[in-house]
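Structure file query_39.txt (compact mmCIF, C-alpha atoms and all ligand atoms) is printed below.
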# COMPACT_ATOMS: atom_id res chain seq x y z
CA MET A 1 -67.99 18.45 -155.93
CA LYS A 2 -68.78 15.18 -154.21
CA ILE A 3 -66.70 14.31 -151.14
CA THR A 4 -67.17 10.85 -149.65
CA ARG A 5 -65.39 8.84 -147.01
CA PHE A 6 -64.82 5.36 -145.69
CA ALA A 7 -64.50 5.19 -141.92
CA PRO A 8 -63.36 1.78 -140.70
CA SER A 9 -62.41 0.93 -137.13
CA PRO A 10 -58.94 -0.60 -136.80
CA THR A 11 -60.27 -3.45 -134.69
CA GLY A 12 -59.82 -6.12 -137.36
CA ARG A 13 -59.09 -6.64 -141.05
CA LEU A 14 -61.72 -5.75 -143.64
CA HIS A 15 -64.29 -8.34 -144.65
CA LEU A 16 -66.58 -8.39 -147.68
CA GLY A 17 -69.08 -6.04 -146.03
CA HIS A 18 -66.45 -3.37 -145.40
CA ALA A 19 -65.08 -3.82 -148.89
CA TYR A 20 -68.52 -3.16 -150.37
CA SER A 21 -68.96 -0.07 -148.22
CA ALA A 22 -65.56 1.27 -149.24
CA ILE A 23 -66.19 0.57 -152.94
CA ILE A 24 -69.55 2.36 -152.84
CA ALA A 25 -68.01 5.48 -151.30
CA HIS A 26 -65.00 5.36 -153.58
CA SER A 27 -66.93 4.95 -156.81
CA ALA A 28 -69.43 7.68 -155.86
CA ALA A 29 -66.50 10.08 -155.58
CA ARG A 30 -64.55 8.84 -158.59
CA GLN A 31 -67.53 8.96 -160.98
CA LYS A 32 -67.74 12.72 -160.72
CA ASN A 33 -64.20 13.95 -160.10
CA GLY A 34 -64.91 14.08 -156.43
CA ARG A 35 -62.74 13.32 -153.45
CA PHE A 36 -62.57 10.14 -151.42
CA LEU A 37 -61.21 10.22 -147.87
CA LEU A 38 -60.17 7.58 -145.39
CA ARG A 39 -60.76 8.06 -141.69
CA PHE A 40 -59.93 5.63 -138.92
CA GLU A 41 -62.59 5.43 -136.24
CA ASP A 42 -60.21 4.60 -133.44
CA ILE A 43 -61.64 6.38 -130.40
CA ASP A 44 -62.27 3.14 -128.56
CA HIS A 45 -58.72 2.41 -127.47
CA THR A 46 -59.91 -0.74 -125.67
CA ARG A 47 -60.66 -2.38 -129.03
CA VAL A 48 -58.12 -0.85 -131.43
CA ARG A 49 -55.04 -2.88 -132.37
CA PRO A 50 -52.13 -0.99 -133.98
CA GLU A 51 -51.46 -3.54 -136.73
CA PHE A 52 -54.90 -3.02 -138.26
CA TYR A 53 -54.24 0.52 -139.54
CA ASP A 54 -51.72 -0.82 -142.03
CA GLY A 55 -53.71 -4.00 -142.53
CA ILE A 56 -56.74 -2.03 -143.65
CA ILE A 57 -54.63 0.15 -145.94
CA GLU A 58 -53.21 -3.01 -147.48
CA ASP A 59 -56.71 -4.43 -148.03
CA LEU A 60 -58.01 -1.22 -149.63
CA THR A 61 -54.95 -0.85 -151.82
CA TRP A 62 -55.30 -4.40 -153.06
CA LEU A 63 -58.94 -3.66 -153.90
CA GLY A 64 -57.65 -0.83 -156.10
CA LEU A 65 -58.91 2.08 -154.02
CA THR A 66 -57.02 5.34 -153.63
CA TRP A 67 -57.68 8.27 -151.30
CA ASP A 68 -56.93 11.92 -151.65
CA GLU A 69 -55.47 12.89 -148.28
CA GLU A 70 -53.47 11.33 -145.47
CA PRO A 71 -55.97 9.23 -143.53
CA TRP A 72 -57.35 10.90 -140.41
CA ARG A 73 -57.30 9.21 -137.04
CA GLN A 74 -60.09 10.15 -134.69
CA SER A 75 -57.78 9.54 -131.74
CA ASP A 76 -55.87 12.67 -132.88
CA ARG A 77 -59.03 14.76 -132.76
CA LEU A 78 -60.36 14.31 -129.24
CA ASP A 79 -60.10 18.08 -128.55
CA HIS A 80 -62.54 18.76 -131.35
CA TYR A 81 -65.08 16.31 -129.96
CA GLN A 82 -64.65 17.85 -126.51
CA GLU A 83 -65.32 21.27 -127.97
CA ALA A 84 -68.51 20.03 -129.60
CA LEU A 85 -69.61 18.44 -126.34
CA GLU A 86 -69.03 21.72 -124.48
CA LYS A 87 -71.18 23.49 -127.02
CA LEU A 88 -73.97 20.96 -126.50
CA LYS A 89 -73.65 21.47 -122.74
CA ASP A 90 -73.96 25.23 -123.23
CA ILE A 91 -77.10 24.79 -125.29
CA GLY A 92 -78.49 22.53 -122.56
CA VAL A 93 -79.19 19.44 -124.69
CA VAL A 94 -77.02 16.93 -122.84
CA TYR A 95 -77.12 15.65 -119.28
CA PRO A 96 -74.69 13.66 -117.16
CA CYS A 97 -75.53 10.01 -116.59
CA TYR A 98 -74.00 7.96 -113.79
CA CYS A 99 -75.88 4.73 -114.40
CA THR A 100 -74.05 1.46 -114.72
CA ARG A 101 -75.25 -1.11 -117.22
CA LYS A 102 -76.56 -3.18 -114.35
CA GLU A 103 -78.57 -0.27 -112.96
CA ILE A 104 -80.11 0.44 -116.35
CA LYS A 105 -81.08 -3.21 -116.73
CA SER A 106 -82.67 -3.28 -113.31
CA GLU A 107 -84.50 0.02 -113.90
CA LEU A 108 -85.88 -1.34 -117.19
CA SER A 109 -87.03 -4.55 -115.55
CA HIS A 110 -89.17 -2.53 -113.15
CA LEU A 111 -90.92 -0.57 -115.87
CA THR A 112 -94.17 -1.93 -117.21
CA ARG A 113 -93.63 -0.19 -120.54
CA ALA A 114 -89.92 0.19 -121.19
CA PRO A 115 -89.10 2.41 -124.19
CA HIS A 116 -87.93 0.40 -127.20
CA GLY A 117 -85.83 1.26 -130.24
CA PRO A 118 -84.90 -0.71 -133.38
CA GLU A 119 -82.26 -2.61 -131.42
CA GLY A 120 -84.02 -3.23 -128.13
CA PRO A 121 -84.75 -1.33 -124.95
CA LEU A 122 -83.73 2.31 -124.71
CA TYR A 123 -82.23 4.18 -121.79
CA PRO A 124 -85.15 4.92 -119.47
CA GLY A 125 -84.06 8.49 -118.72
CA THR A 126 -83.15 7.90 -115.08
CA CYS A 127 -80.60 10.74 -114.89
CA ARG A 128 -82.48 13.20 -117.08
CA LYS A 129 -83.12 15.64 -114.27
CA ARG A 130 -79.68 15.33 -112.75
CA GLU A 131 -77.17 18.14 -112.45
CA ALA A 132 -73.46 17.36 -112.57
CA THR A 133 -71.83 17.89 -109.20
CA PRO A 134 -68.06 18.27 -108.83
CA SER A 135 -67.79 15.43 -106.29
CA ASP A 136 -69.42 12.92 -108.61
CA PRO A 137 -67.22 10.60 -110.65
CA GLU A 138 -66.76 11.39 -114.35
CA PRO A 139 -70.18 10.94 -115.96
CA ALA A 140 -71.25 9.85 -119.39
CA TRP A 141 -73.15 12.55 -121.29
CA ARG A 142 -76.46 11.76 -122.93
CA LEU A 143 -78.48 13.64 -125.49
CA ASP A 144 -81.76 14.92 -124.11
CA SER A 145 -83.71 13.93 -127.18
CA LYS A 146 -86.86 15.82 -126.17
CA ILE A 147 -85.12 19.12 -125.55
CA ALA A 148 -83.01 18.60 -128.69
CA SER A 149 -86.01 18.08 -130.92
CA SER A 150 -87.82 21.06 -129.44
CA LEU A 151 -84.79 23.18 -130.32
CA THR A 152 -84.22 21.88 -133.82
CA GLY A 153 -87.86 21.60 -134.87
CA PRO A 154 -88.72 19.07 -137.60
CA LEU A 155 -85.72 17.79 -139.56
CA THR A 156 -85.18 15.48 -142.52
CA PHE A 157 -82.26 13.75 -144.14
CA GLN A 158 -82.09 13.11 -147.84
CA THR A 159 -80.55 11.02 -150.55
CA GLN A 160 -78.79 12.51 -153.57
CA ARG A 161 -82.01 12.11 -155.49
CA GLY A 162 -83.81 14.24 -152.95
CA THR A 163 -85.82 11.48 -151.27
CA LYS A 164 -86.47 12.74 -147.76
CA THR A 165 -86.85 10.89 -144.48
CA ASN A 166 -88.29 12.59 -141.42
CA VAL A 167 -85.99 12.57 -138.43
CA LYS A 168 -87.38 10.80 -135.38
CA ALA A 169 -85.61 12.40 -132.47
CA ASP A 170 -86.61 9.68 -130.03
CA LEU A 171 -85.76 6.70 -132.26
CA LEU A 172 -82.69 5.77 -130.23
CA GLY A 173 -83.75 7.60 -127.08
CA ASP A 174 -81.26 9.58 -125.02
CA VAL A 175 -78.13 8.14 -126.58
CA ILE A 176 -74.67 8.51 -125.07
CA LEU A 177 -72.70 11.26 -126.80
CA ALA A 178 -69.67 11.00 -124.54
CA ARG A 179 -68.66 7.80 -122.85
CA LYS A 180 -67.13 8.32 -119.45
CA ASP A 181 -63.96 6.41 -120.36
CA ILE A 182 -63.21 8.02 -123.71
CA GLY A 183 -65.04 11.36 -123.51
CA THR A 184 -66.79 10.98 -126.85
CA SER A 185 -68.79 8.50 -128.91
CA TYR A 186 -69.26 7.29 -132.45
CA HIS A 187 -72.21 9.68 -132.94
CA LEU A 188 -70.41 12.81 -131.84
CA ALA A 189 -67.09 12.04 -133.52
CA VAL A 190 -68.58 11.10 -136.88
CA VAL A 191 -70.69 14.26 -137.04
CA VAL A 192 -67.76 16.52 -136.11
CA ASP A 193 -65.47 14.85 -138.66
CA ASP A 194 -67.95 14.70 -141.52
CA ALA A 195 -68.33 18.46 -141.09
CA ALA A 196 -64.58 19.08 -140.67
CA GLN A 197 -63.82 17.11 -143.85
CA ASP A 198 -66.65 18.77 -145.82
CA ILE A 199 -68.23 15.39 -146.58
CA THR A 200 -71.13 15.96 -148.98
CA LEU A 201 -72.29 12.35 -149.30
CA VAL A 202 -72.26 9.93 -146.39
CA THR A 203 -72.44 6.33 -147.61
CA ARG A 204 -72.80 3.50 -145.15
CA GLY A 205 -74.67 0.29 -144.45
CA GLU A 206 -78.38 0.37 -143.79
CA ASP A 207 -77.69 -1.02 -140.31
CA LEU A 208 -76.61 2.54 -139.46
CA LEU A 209 -79.86 4.13 -140.66
CA PRO A 210 -81.14 4.70 -137.09
CA SER A 211 -77.91 6.55 -136.24
CA THR A 212 -78.49 9.00 -139.08
CA HIS A 213 -81.50 10.36 -137.17
CA ILE A 214 -79.19 11.30 -134.29
CA HIS A 215 -76.55 12.68 -136.63
CA ARG A 216 -78.97 15.09 -138.29
CA ILE A 217 -80.01 16.39 -134.88
CA LEU A 218 -76.39 16.93 -133.88
CA GLN A 219 -75.61 18.65 -137.19
CA SER A 220 -78.49 21.00 -136.64
CA LEU A 221 -77.55 21.77 -133.01
CA LEU A 222 -73.87 22.29 -133.88
CA GLU A 223 -74.75 24.36 -136.97
CA PHE A 224 -72.96 22.00 -139.34
CA PRO A 225 -73.90 21.59 -143.01
CA GLU A 226 -76.21 18.77 -144.03
CA PRO A 227 -74.66 16.04 -146.20
CA ASN A 228 -76.69 13.71 -148.37
CA TYR A 229 -77.01 10.11 -147.29
CA HIS A 230 -76.90 6.78 -149.05
CA HIS A 231 -77.58 3.71 -146.90
CA HIS A 232 -76.49 0.70 -148.88
CA ARG A 233 -77.57 -2.93 -148.78
CA LEU A 234 -75.81 -5.25 -146.38
CA VAL A 235 -73.63 -8.18 -147.23
CA CYS A 236 -74.80 -11.22 -145.26
CA ASP A 237 -73.58 -14.69 -144.38
CA ASP A 238 -75.42 -17.94 -145.18
CA SER A 239 -77.78 -17.51 -142.26
CA GLY A 240 -78.77 -14.02 -143.43
CA GLU A 241 -76.85 -12.26 -140.66
CA ARG A 242 -74.80 -9.16 -141.37
CA LEU A 243 -71.10 -10.01 -141.46
CA ALA A 244 -69.35 -9.38 -138.18
CA LYS A 245 -65.73 -8.45 -137.57
CA ARG A 246 -65.23 -12.08 -136.57
CA SER A 247 -65.99 -13.34 -140.09
CA ASP A 248 -62.33 -14.10 -140.61
CA SER A 249 -63.07 -16.61 -143.36
CA LEU A 250 -64.59 -13.76 -145.35
CA ALA A 251 -61.78 -11.32 -144.64
CA ILE A 252 -60.32 -9.75 -147.78
CA ALA A 253 -56.83 -10.75 -146.66
CA THR A 254 -57.86 -14.40 -146.32
CA LEU A 255 -59.65 -14.56 -149.67
CA ARG A 256 -56.71 -12.91 -151.33
CA LYS A 257 -54.31 -15.45 -149.86
CA GLN A 258 -56.57 -18.17 -151.22
CA GLY A 259 -55.97 -16.70 -154.66
CA LEU A 260 -59.26 -14.91 -155.33
CA THR A 261 -59.13 -11.94 -157.71
CA THR A 262 -60.83 -8.60 -157.05
CA LEU A 263 -63.34 -9.52 -159.73
CA GLU A 264 -64.22 -12.70 -157.87
CA ILE A 265 -64.54 -10.72 -154.66
CA GLY A 266 -67.00 -8.44 -156.46
CA GLU A 267 -69.02 -11.45 -157.60
CA MET A 268 -69.01 -12.89 -154.13
CA ILE A 269 -70.37 -9.64 -152.73
CA GLN A 270 -73.13 -9.57 -155.36
CA SER A 271 -74.25 -13.05 -154.35
CA MET A 272 -74.39 -12.20 -150.66
CA PHE A 273 -76.72 -9.21 -150.42
CA LYS A 274 -79.37 -9.35 -147.76
CA LYS A 275 -82.49 -10.87 -149.25
N1 LIG B 1 -67.06 2.70 -138.52
C1 LIG B 1 -68.39 2.44 -138.95
C2 LIG B 1 -68.51 0.99 -139.37
O1 LIG B 1 -67.53 0.35 -139.56
C3 LIG B 1 -68.80 3.34 -140.10
C4 LIG B 1 -69.36 4.58 -139.60
C5 LIG B 1 -69.93 5.49 -140.67
O2 LIG B 1 -69.71 5.31 -141.86
O3 LIG B 1 -70.59 6.43 -140.27
O4 LIG B 1 -69.60 0.48 -139.48
ZN ZN B 2 -78.17 7.54 -115.80

As structure tokens - that is how I would like this structure written.
Amino acid sequence: MKITRFAPSPTGRLHLGHAYSAIIAHSAARQKNGRFLLRFEDIDHTRVRPEFYDGIIEDLTWLGLTWDEEPWRQSDRLDHYQEALEKLKDIGVVYPCYCTRKEIKSELSHLTRAPHGPEGPLYPGTCRKREATPSDPEPAWRLDSKIASSLTGPLTFQTQRGTKTNVKADLLGDVILARKDIGTSYHLAVVVDDAAQDITLVTRGEDLLPSTHIHRILQSLLEFPEPNYHHHRLVCDDSGERLAKRSDSLAIATLRKQGLTTLEIGEMIQSMFKK
């Protein structure tokens, strides 16, 4: 049975891009008597606003989507992420990082060949050899991508049709798995929850393709099952940029107030795919 999910952050109302993502996940589940789940990615308490939980539910309901369980909130599940982090510490694939953003920037500016990923410079590995000491302030924890890939060996992720992509362990470098202020990260939380909710098909925008490489590594290290992946096309604005949370004029709630029907929303989405 197919189990899919939509995992919005309650940091704003849904726009056309979110709606498309939700519809893709929902219809994949509904086509085959599967299950569709809703999960709020609300670990970043600095950005979450309480009114958006209900706002998002209102948007999804208006779009005609239904879900099969009470929505999960990641903020209720911090213990589980902590447990996963402890396991990664035990295996020896994470290290504490005390760098500030400013220090990382300055370190990178001194390197003649700074490591680069799809979205710019990567963490240069300054703290890789550091041990945590009790007197130090609370660190962030980073994945040691080299050690991780030596432990997992070659990995792939695949679509439902069986098309495989080779995992590049160093694609995003030594990413943060636990921020010092919230004790976890998107990467860690999403992997723990996809496993806990038995998600069999992860659908999300192709902007998150690089993250999937990290997620497969974490699944392997934490001995979680491997879901299939579908990275869908992005909905873009006139200038060809992916819609941002700020695209209030393209928020579902706004369009609905202007009198658009769900059918018209669907047509709008179709006309806005990334070229
Ligand atoms: N919360 C993420 C987003 O809004 C989705 C994460 C995921 O589906 O893995 O882009
Ligand atoms: Zn560091």

Review point. Which residue out of A:Pro225, A:Pro10, A:Gly64, A:Gly92 has the minimum interatomic distance to Glu51 (chain A) when all atoms listed in the file are used?
Key: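 Ranked by minimum distance to Glu51 (chain A), first place goes to A:Pro10.
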
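Proximity of A:Arg30, A:Lys87, A:Arg49, A:Arg39 to Glu70 (chain A), computed with all atoms listed in the file, is greatest for A:Arg39.
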
Practice item. Output the neighbourhood of ligand ZN 2 (chain B) as a VMD selection string, that is, all protein and nucleic acid residues with some atom at most 9 Å from the ligand, counting only C-alpha atoms and all ligand atoms. Key: chain A and resid 95 to 100 103 to 104 123 to 128 130 139 to 142

Practice item. Give me, please, the distance in Å between CA of Val202 (chain A) and CA of His232 (chain A), quoted to one decimal. Key: 10.5 Å

Review point. Taking into account only C-alpha atoms and all ligand atoms, which residue in the set A:Gly117, A:Gly12, A:Pro50, A:Pro71 is nearest to ligand LIG 1 (chain B)?
Key: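 Between A:Gly117, A:Gly12, A:Pro50, A:Pro71, the residue approaching ligand LIG 1 (chain B) most closely is A:Gly12.
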
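The residues sitting within 6 Å of ligand LIG 1 (chain B), with all atoms listed in the file considered, come out as Ala7, Pro8, Ser9, Glu41 and Arg204 of chain A.
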
Assuming 5 Å of padding per side, give the centre and edge lengths of the axis-aligned box around every listed atom of region 203-212 of chain A, in Å to one decimal and as AutoDock Vina command-line options.
--center_x -76.8 --center_y 4.0 --center_z -141.9 --size_x 18.7 --size_y 20.0 --size_z 21.4

Enumerate, in order of chain and increasing residue number, the residues of region 5-120 of chain A with an atom no farther than 10 Å from region 239-253 of chain A, each with its shortest atom pair and distance in Å to one decimal, counting all atoms listed in the file, as JSON lines.
{"residue": "A:Ser9", "atom": "CA", "partner": "A:Lys245", "partner_atom": "CA", "distance": 10.0}
{"residue": "A:Thr11", "atom": "CA", "partner": "A:Lys245", "partner_atom": "CA", "distance": 7.9}
{"residue": "A:Gly12", "atom": "CA", "partner": "A:Lys245", "partner_atom": "CA", "distance": 6.4}
{"residue": "A:Arg13", "atom": "CA", "partner": "A:Ala251", "partner_atom": "CA", "distance": 6.5}
{"residue": "A:Leu14", "atom": "CA", "partner": "A:Ala251", "partner_atom": "CA", "distance": 5.7}
{"residue": "A:His15", "atom": "CA", "partner": "A:Ala251", "partner_atom": "CA", "distance": 3.9}
{"residue": "A:Leu16", "atom": "CA", "partner": "A:Leu250", "partner_atom": "CA", "distance": 6.2}
{"residue": "A:Gly17", "atom": "CA", "partner": "A:Leu243", "partner_atom": "CA", "distance": 6.4}
{"residue": "A:His18", "atom": "CA", "partner": "A:Leu243", "partner_atom": "CA", "distance": 9.0}
{"residue": "A:Ala19", "atom": "CA", "partner": "A:Ile252", "partner_atom": "CA", "distance": 7.7}
{"residue": "A:Gly55", "atom": "CA", "partner": "A:Ala253", "partner_atom": "CA", "distance": 8.5}
{"residue": "A:Ile56", "atom": "CA", "partner": "A:Ala253", "partner_atom": "CA", "distance": 9.2}
{"residue": "A:Glu58", "atom": "CA", "partner": "A:Ala253", "partner_atom": "CA", "distance": 8.6}
{"residue": "A:Asp59", "atom": "CA", "partner": "A:Ile252", "partner_atom": "CA", "distance": 6.4}
{"residue": "A:Leu60", "atom": "CA", "partner": "A:Ile252", "partner_atom": "CA", "distance": 9.0}
{"residue": "A:Trp62", "atom": "CA", "partner": "A:Ile252", "partner_atom": "CA", "distance": 9.0}
{"residue": "A:Leu63", "atom": "CA", "partner": "A:Ile252", "partner_atom": "CA", "distance": 8.7}

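Closest approach to Arg233 (chain A) among A:Thr61, A:Thr254, A:Ser211, A:Gln270 is made by A:Gln270 (distances from all atoms listed in the file).
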